[in-house]
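K.L.:
Contents of run_39.cif (mmCIF, C-alpha atoms (C1' of nucleotides)):
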data_entry
loop_
_atom_site.label_atom_id
_atom_site.label_comp_id
_atom_site.auth_asym_id
_atom_site.auth_seq_id
_atom_site.Cartn_x
_atom_site.Cartn_y
_atom_site.Cartn_z
CA MET A 29 48.53 -31.15 74.97
CA ALA A 30 47.55 -29.64 78.20
CA SER A 31 48.90 -32.27 80.58
CA GLU A 32 52.48 -31.98 79.48
CA ILE A 33 53.73 -33.32 82.76
CA ARG A 34 52.01 -36.60 82.07
CA THR A 35 53.82 -36.84 78.76
CA ARG A 36 57.11 -36.34 80.59
CA ILE A 37 56.20 -38.99 83.10
CA TYR A 38 55.56 -41.46 80.32
CA ASP A 39 58.91 -40.58 78.82
CA VAL A 40 60.76 -41.28 82.05
CA VAL A 41 58.92 -44.51 82.77
CA ALA A 42 59.80 -45.69 79.30
CA ARG A 43 63.47 -45.21 80.19
CA ILE A 44 63.45 -47.59 83.12
CA PRO A 45 65.84 -50.41 82.21
CA ARG A 46 64.93 -54.03 82.64
CA GLY A 47 65.64 -55.56 86.02
CA ARG A 48 65.34 -52.19 87.73
CA VAL A 49 62.56 -50.28 89.41
CA ALA A 50 61.91 -46.62 90.13
CA THR A 51 59.81 -44.91 92.74
CA TYR A 52 57.04 -42.46 91.92
CA GLY A 53 58.89 -39.63 93.56
CA GLN A 54 62.01 -40.45 91.61
CA ILE A 55 60.18 -40.50 88.32
CA ALA A 56 58.51 -37.23 89.13
CA GLU A 57 61.90 -35.72 89.79
CA LEU A 58 63.42 -37.13 86.61
CA ALA A 59 60.43 -35.89 84.68
CA GLY A 60 61.22 -32.43 85.90
CA VAL A 61 58.08 -32.22 87.96
CA GLY A 62 59.52 -33.01 91.36
CA GLY A 63 56.80 -33.15 93.97
CA HIS A 64 54.16 -34.58 91.70
CA ALA A 65 54.74 -38.15 92.76
CA ARG A 66 51.00 -38.66 92.92
CA GLN A 67 50.55 -37.44 89.40
CA VAL A 68 52.97 -40.15 88.29
CA GLY A 69 50.69 -42.84 89.59
CA TYR A 70 47.73 -40.97 88.25
CA ALA A 71 49.29 -40.80 84.81
CA LEU A 72 50.00 -44.52 84.82
CA HIS A 73 46.45 -45.19 85.89
CA ALA A 74 45.30 -43.19 82.89
CA LEU A 75 47.27 -45.52 80.65
CA GLY A 76 45.11 -48.36 81.78
CA GLY A 77 47.67 -51.01 80.90
CA ASP A 78 47.09 -50.53 77.23
CA SER A 79 50.41 -48.78 77.03
CA PRO A 80 53.84 -50.08 75.95
CA LEU A 81 55.33 -48.41 79.01
CA PRO A 82 56.94 -50.64 81.66
CA TRP A 83 54.55 -49.33 84.29
CA HIS A 84 55.18 -52.48 86.30
CA ARG A 85 58.67 -51.16 87.05
CA VAL A 86 57.18 -48.31 89.02
CA VAL A 87 56.71 -48.85 92.74
CA ASN A 88 56.25 -46.63 95.78
CA ALA A 89 58.97 -45.43 98.14
CA ALA A 90 58.50 -48.54 100.26
CA GLY A 91 59.55 -50.70 97.34
CA GLN A 92 56.11 -52.16 97.35
CA VAL A 93 53.44 -52.35 94.69
CA SER A 94 50.78 -49.76 95.27
CA ARG A 95 47.17 -50.67 95.82
CA ARG A 96 44.88 -50.40 92.90
CA ASP A 97 41.29 -51.12 92.01
CA ASP A 98 42.05 -54.74 91.27
CA PRO A 99 44.25 -56.61 93.73
CA ALA A 100 44.91 -58.99 90.87
CA ASP A 101 46.88 -56.26 89.15
CA GLU A 102 49.17 -56.05 92.13
CA VAL A 103 49.96 -59.72 91.79
CA PHE A 104 50.35 -59.23 88.08
CA GLN A 105 52.86 -56.45 88.58
CA ARG A 106 54.87 -58.47 91.05
CA ALA A 107 54.82 -61.35 88.60
CA LEU A 108 56.26 -59.15 85.87
CA LEU A 109 58.98 -57.89 88.19
CA LYS A 110 59.87 -61.39 89.31
CA ALA A 111 60.03 -62.32 85.65
CA GLU A 112 62.75 -59.67 85.30
CA GLY A 113 64.82 -61.31 87.97
CA LEU A 114 63.85 -59.00 90.84
CA ARG A 115 63.72 -60.33 94.36
CA PHE A 116 60.89 -59.73 96.78
CA SER A 117 61.22 -59.68 100.50
CA ALA A 118 59.07 -61.83 102.73
CA ALA A 119 56.80 -58.83 103.15
CA GLY A 120 56.47 -58.56 99.38
CA ARG A 121 58.84 -55.63 99.15
CA LEU A 122 61.74 -55.00 96.80
CA ASP A 123 65.27 -54.28 97.91
CA LEU A 124 65.44 -50.75 96.57
CA GLY A 125 69.08 -50.61 97.64
CA ALA A 126 69.79 -53.24 95.03
CA VAL A 127 67.17 -52.93 92.32
CA ARG A 128 66.60 -49.18 92.46
CA TRP A 129 67.19 -47.64 89.02
CA LYS A 130 70.06 -45.21 89.06
CA PRO A 131 69.68 -42.84 86.08
CA ARG A 132 73.39 -42.18 86.07
CA SER A 133 75.66 -43.37 83.31
CA GLY A 134 78.56 -42.14 85.40
CA ARG A 135 80.70 -44.78 86.99
CA PRO A 136 82.04 -44.62 90.57
CA HIS A 137 85.51 -44.56 88.99
CA SER A 138 86.43 -47.35 91.28
CA SER A 139 85.06 -50.72 90.50
CA GLY A 140 81.42 -50.95 89.94
CA ALA A 141 79.49 -53.69 91.48
"C1'" DT B 16 35.37 -21.84 88.66
"C1'" DG B 17 35.78 -24.44 92.86
"C1'" DC B 18 35.62 -28.82 95.62
"C1'" DT B 19 36.98 -33.68 95.93
"C1'" DT B 20 39.90 -37.37 94.88
"C1'" DG B 21 44.28 -39.88 94.26
"C1'" DA B 22 48.93 -46.44 91.21
"C1'" DC B 23 52.63 -40.98 96.61
"C1'" DA B 24 56.23 -39.19 100.11
"C1'" DT B 25 57.80 -37.97 104.49
"C1'" DA B 26 57.67 -37.33 109.57
"C1'" DA B 27 55.85 -38.64 113.78
"C1'" DT B 28 53.86 -42.17 117.05
"C1'" DC C 15 58.90 -52.23 111.36
"C1'" DA C 16 53.68 -50.87 110.85
"C1'" DT C 17 50.28 -47.42 111.15
"C1'" DT C 18 48.58 -42.60 111.31
"C1'" DA C 19 48.54 -37.89 110.09
"C1'" DT C 20 49.79 -34.06 106.89
"C1'" DG C 21 51.45 -31.94 102.59
"C1'" DC C 22 51.74 -31.65 97.70
"C1'" DC C 23 49.60 -30.59 93.09
"C1'" DA C 24 47.15 -31.85 88.95
"C1'" DA C 25 43.01 -34.41 86.94
"C1'" DG C 26 37.99 -35.09 87.20
"C1'" DC C 27 33.39 -33.59 87.99
#
Can I see the file as structure tokens?

P.N.:
Amino acid sequence: MASEIRTRIYDVVARIPRGRVATYGQIAELAGVGGHARQVGYALHALGGDSPLPWHRVVNAAGQVSRRDDPADEVFQRALLKAEGLRFSAAGRLDLGAVRWKPRSGRPHSSGA
DNA sequence: TGCTTGACATAAT
DNA sequence: CATTATGCCAAGC
């Protein structure tokens, strides 16, 4: 497999828990390819939607769904996120401070949420 | 082999 | 807060 980074990206995206979202840059970093945020989106685009990966949990740094070929897909993605209990702002953005996936099993040793 | 494109991110205006 | 400009690096042709 030449594009090994893409394989890693898929692996990270598959780890996004339900009710949470991750940014492209974050995924790239978790995948061990920090800096290739664009390749993350590119890899997901290559999936086409025929993949079992929760690609809909991947948004850009603005907490907004990125633009794609079909604007209908954007609505579709937001619909999937809303179905997971996520909240969208009036501008159609997510509150990353609340729904951002924190790949840390560690607890703040002082009351969690 | 080399140029262009891209489901992004960040800083500046 | 929204928009514009620049940087980054791999995939596609």

K.L.:
Residues picked by the PyMOL selection byres ((chain A) within 8 of (chain B)) here, as a PyMOL selection string?

P.N.:
chain A and resi 52-53+65-66+69-70+72-73+88-89+94-96

K.L.:
I need the output of the PyMOL selection byres ((chain A) within 7 of (chain C)) for this file as a list in words; which residues are they?

P.N.:
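When the PyMOL selection byres ((chain A) within 7 of (chain C)) is applied to the shown file, the picked residues are Gly63, His64 and Gln67 of chain A.
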
K.L.:
Counting only C-alpha atoms (C1' of nucleotides), what is within 10 Å of range 110-125 of chain A, bar same-chain residues fewer than 4 positions away, as a list in words?

P.N.:
Arg46, Gly47, Arg48, Val49, Ala50, Thr51, Arg85, Val87, Asn88, Ala89, Ala90, Gly91, Gln92, Val93, Phe104, Gln105, Arg106 and Trp129 of chain A

K.L.:
With distances taken over only C-alpha atoms, which residue among A:Ala100, A:Val40, A:Val127, A:Val61 lies nearest Leu81 in chain A?

P.N.:
A:Val40

K.L.:
Between CA of Gly77 in chain A and CA of Ala59 in chain A, what is the distance, to one decimal in Å?

P.N.:
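Rounded to one decimal, the two atoms are 20.1 Å apart.
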
K.L.:
Between CA of Tyr38 in chain A and CA of Asp101 in chain A, what is the spacing in Å?

P.N.:
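The value is 19.3 Å.
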
K.L.:
What does the structure give for the distance between CA of Ala74 in chain A and CA of Pro45 in chain A, in Å to one decimal?

P.N.:
21.8 Å

K.L.:
Write out as AutoDock Vina command-line options an axis-aligned box for range 67-83 of chain A: all of its atoms listed in the file, 4 Å added on each side, centre and edge lengths in Å with one decimal.

P.N.:
--center_x 51.0 --center_y -44.2 --center_z 82.8 --size_x 19.8 --size_y 21.6 --size_z 21.6

K.L.:
Could you add the missing atoms to range 31-67 of chain A, up to N, CA and C atoms, and return them as a compact mmCIF listing (two decimals), in the frame of the given file?

P.N.:
# COMPACT_ATOMS: atom_id res chain seq x y z
N SER A 31 48.11 -31.56 79.57
CA SER A 31 48.90 -32.27 80.58
C SER A 31 50.26 -32.66 80.04
N GLU A 32 51.15 -31.69 80.01
CA GLU A 32 52.48 -31.98 79.48
C GLU A 32 53.28 -32.79 80.48
N ILE A 33 52.97 -32.58 81.75
CA ILE A 33 53.73 -33.32 82.76
C ILE A 33 53.49 -34.81 82.62
N ARG A 34 52.30 -35.18 82.24
CA ARG A 34 52.01 -36.60 82.07
C ARG A 34 52.85 -37.16 80.95
N THR A 35 53.01 -36.39 79.89
CA THR A 35 53.82 -36.84 78.76
C THR A 35 55.26 -37.07 79.22
N ARG A 36 55.74 -36.19 80.09
CA ARG A 36 57.11 -36.34 80.59
C ARG A 36 57.22 -37.58 81.45
N ILE A 37 56.19 -37.81 82.24
CA ILE A 37 56.20 -38.99 83.10
C ILE A 37 56.29 -40.25 82.25
N TYR A 38 55.52 -40.29 81.19
CA TYR A 38 55.56 -41.46 80.32
C TYR A 38 56.96 -41.64 79.74
N ASP A 39 57.58 -40.53 79.43
CA ASP A 39 58.91 -40.58 78.82
C ASP A 39 59.93 -41.17 79.80
N VAL A 40 59.81 -40.78 81.05
CA VAL A 40 60.76 -41.28 82.05
C VAL A 40 60.51 -42.76 82.34
N VAL A 41 59.26 -43.11 82.49
CA VAL A 41 58.92 -44.51 82.77
C VAL A 41 59.43 -45.41 81.65
N ALA A 42 59.36 -44.89 80.44
CA ALA A 42 59.80 -45.69 79.30
C ALA A 42 61.31 -45.89 79.32
N ARG A 43 62.00 -45.09 80.14
CA ARG A 43 63.47 -45.21 80.19
C ARG A 43 63.94 -46.16 81.27
N ILE A 44 63.03 -46.67 82.06
CA ILE A 44 63.45 -47.59 83.12
C ILE A 44 63.97 -48.89 82.51
N PRO A 45 65.23 -49.20 82.77
CA PRO A 45 65.84 -50.41 82.21
C PRO A 45 65.27 -51.67 82.84
N ARG A 46 65.47 -52.76 82.18
CA ARG A 46 64.93 -54.03 82.64
C ARG A 46 65.71 -54.49 83.87
N GLY A 47 64.99 -55.07 84.81
CA GLY A 47 65.64 -55.56 86.02
C GLY A 47 65.81 -54.46 87.06
N ARG A 48 65.24 -53.30 86.78
CA ARG A 48 65.34 -52.19 87.73
C ARG A 48 63.96 -51.62 87.99
N VAL A 49 63.83 -50.91 89.09
CA VAL A 49 62.56 -50.28 89.41
C VAL A 49 62.79 -48.84 89.85
N ALA A 50 61.79 -48.02 89.71
CA ALA A 50 61.91 -46.62 90.13
C ALA A 50 60.71 -46.25 90.99
N THR A 51 60.92 -45.32 91.89
CA THR A 51 59.81 -44.91 92.74
C THR A 51 59.08 -43.74 92.08
N TYR A 52 57.85 -43.53 92.49
CA TYR A 52 57.04 -42.46 91.92
C TYR A 52 57.74 -41.11 92.10
N GLY A 53 58.23 -40.90 93.29
CA GLY A 53 58.89 -39.63 93.56
C GLY A 53 60.11 -39.43 92.67
N GLN A 54 60.82 -40.53 92.44
CA GLN A 54 62.01 -40.45 91.61
C GLN A 54 61.63 -40.10 90.19
N ILE A 55 60.63 -40.75 89.68
CA ILE A 55 60.18 -40.50 88.32
C ILE A 55 59.73 -39.05 88.18
N ALA A 56 58.99 -38.60 89.17
CA ALA A 56 58.51 -37.23 89.13
C ALA A 56 59.69 -36.27 89.03
N GLU A 57 60.73 -36.59 89.78
CA GLU A 57 61.90 -35.72 89.79
C GLU A 57 62.60 -35.76 88.44
N LEU A 58 62.76 -36.96 87.90
CA LEU A 58 63.42 -37.13 86.61
C LEU A 58 62.60 -36.47 85.51
N ALA A 59 61.31 -36.47 85.68
CA ALA A 59 60.43 -35.89 84.68
C ALA A 59 60.48 -34.37 84.75
N GLY A 60 61.11 -33.88 85.79
CA GLY A 60 61.22 -32.43 85.90
C GLY A 60 60.02 -31.84 86.60
N VAL A 61 59.26 -32.69 87.26
CA VAL A 61 58.08 -32.22 87.96
C VAL A 61 58.14 -32.65 89.42
N GLY A 62 59.33 -32.56 89.99
CA GLY A 62 59.52 -33.01 91.36
C GLY A 62 58.40 -32.56 92.28
N GLY A 63 57.88 -33.48 93.05
CA GLY A 63 56.80 -33.15 93.97
C GLY A 63 55.48 -33.72 93.50
N HIS A 64 55.42 -34.05 92.21
CA HIS A 64 54.16 -34.58 91.70
C HIS A 64 54.15 -36.10 91.67
N ALA A 65 54.69 -36.69 92.72
CA ALA A 65 54.74 -38.15 92.76
C ALA A 65 53.36 -38.76 92.53
N ARG A 66 52.35 -38.11 93.06
CA ARG A 66 51.00 -38.66 92.92
C ARG A 66 50.56 -38.61 91.48
N GLN A 67 50.95 -37.56 90.79
CA GLN A 67 50.55 -37.44 89.40
C GLN A 67 51.17 -38.54 88.57
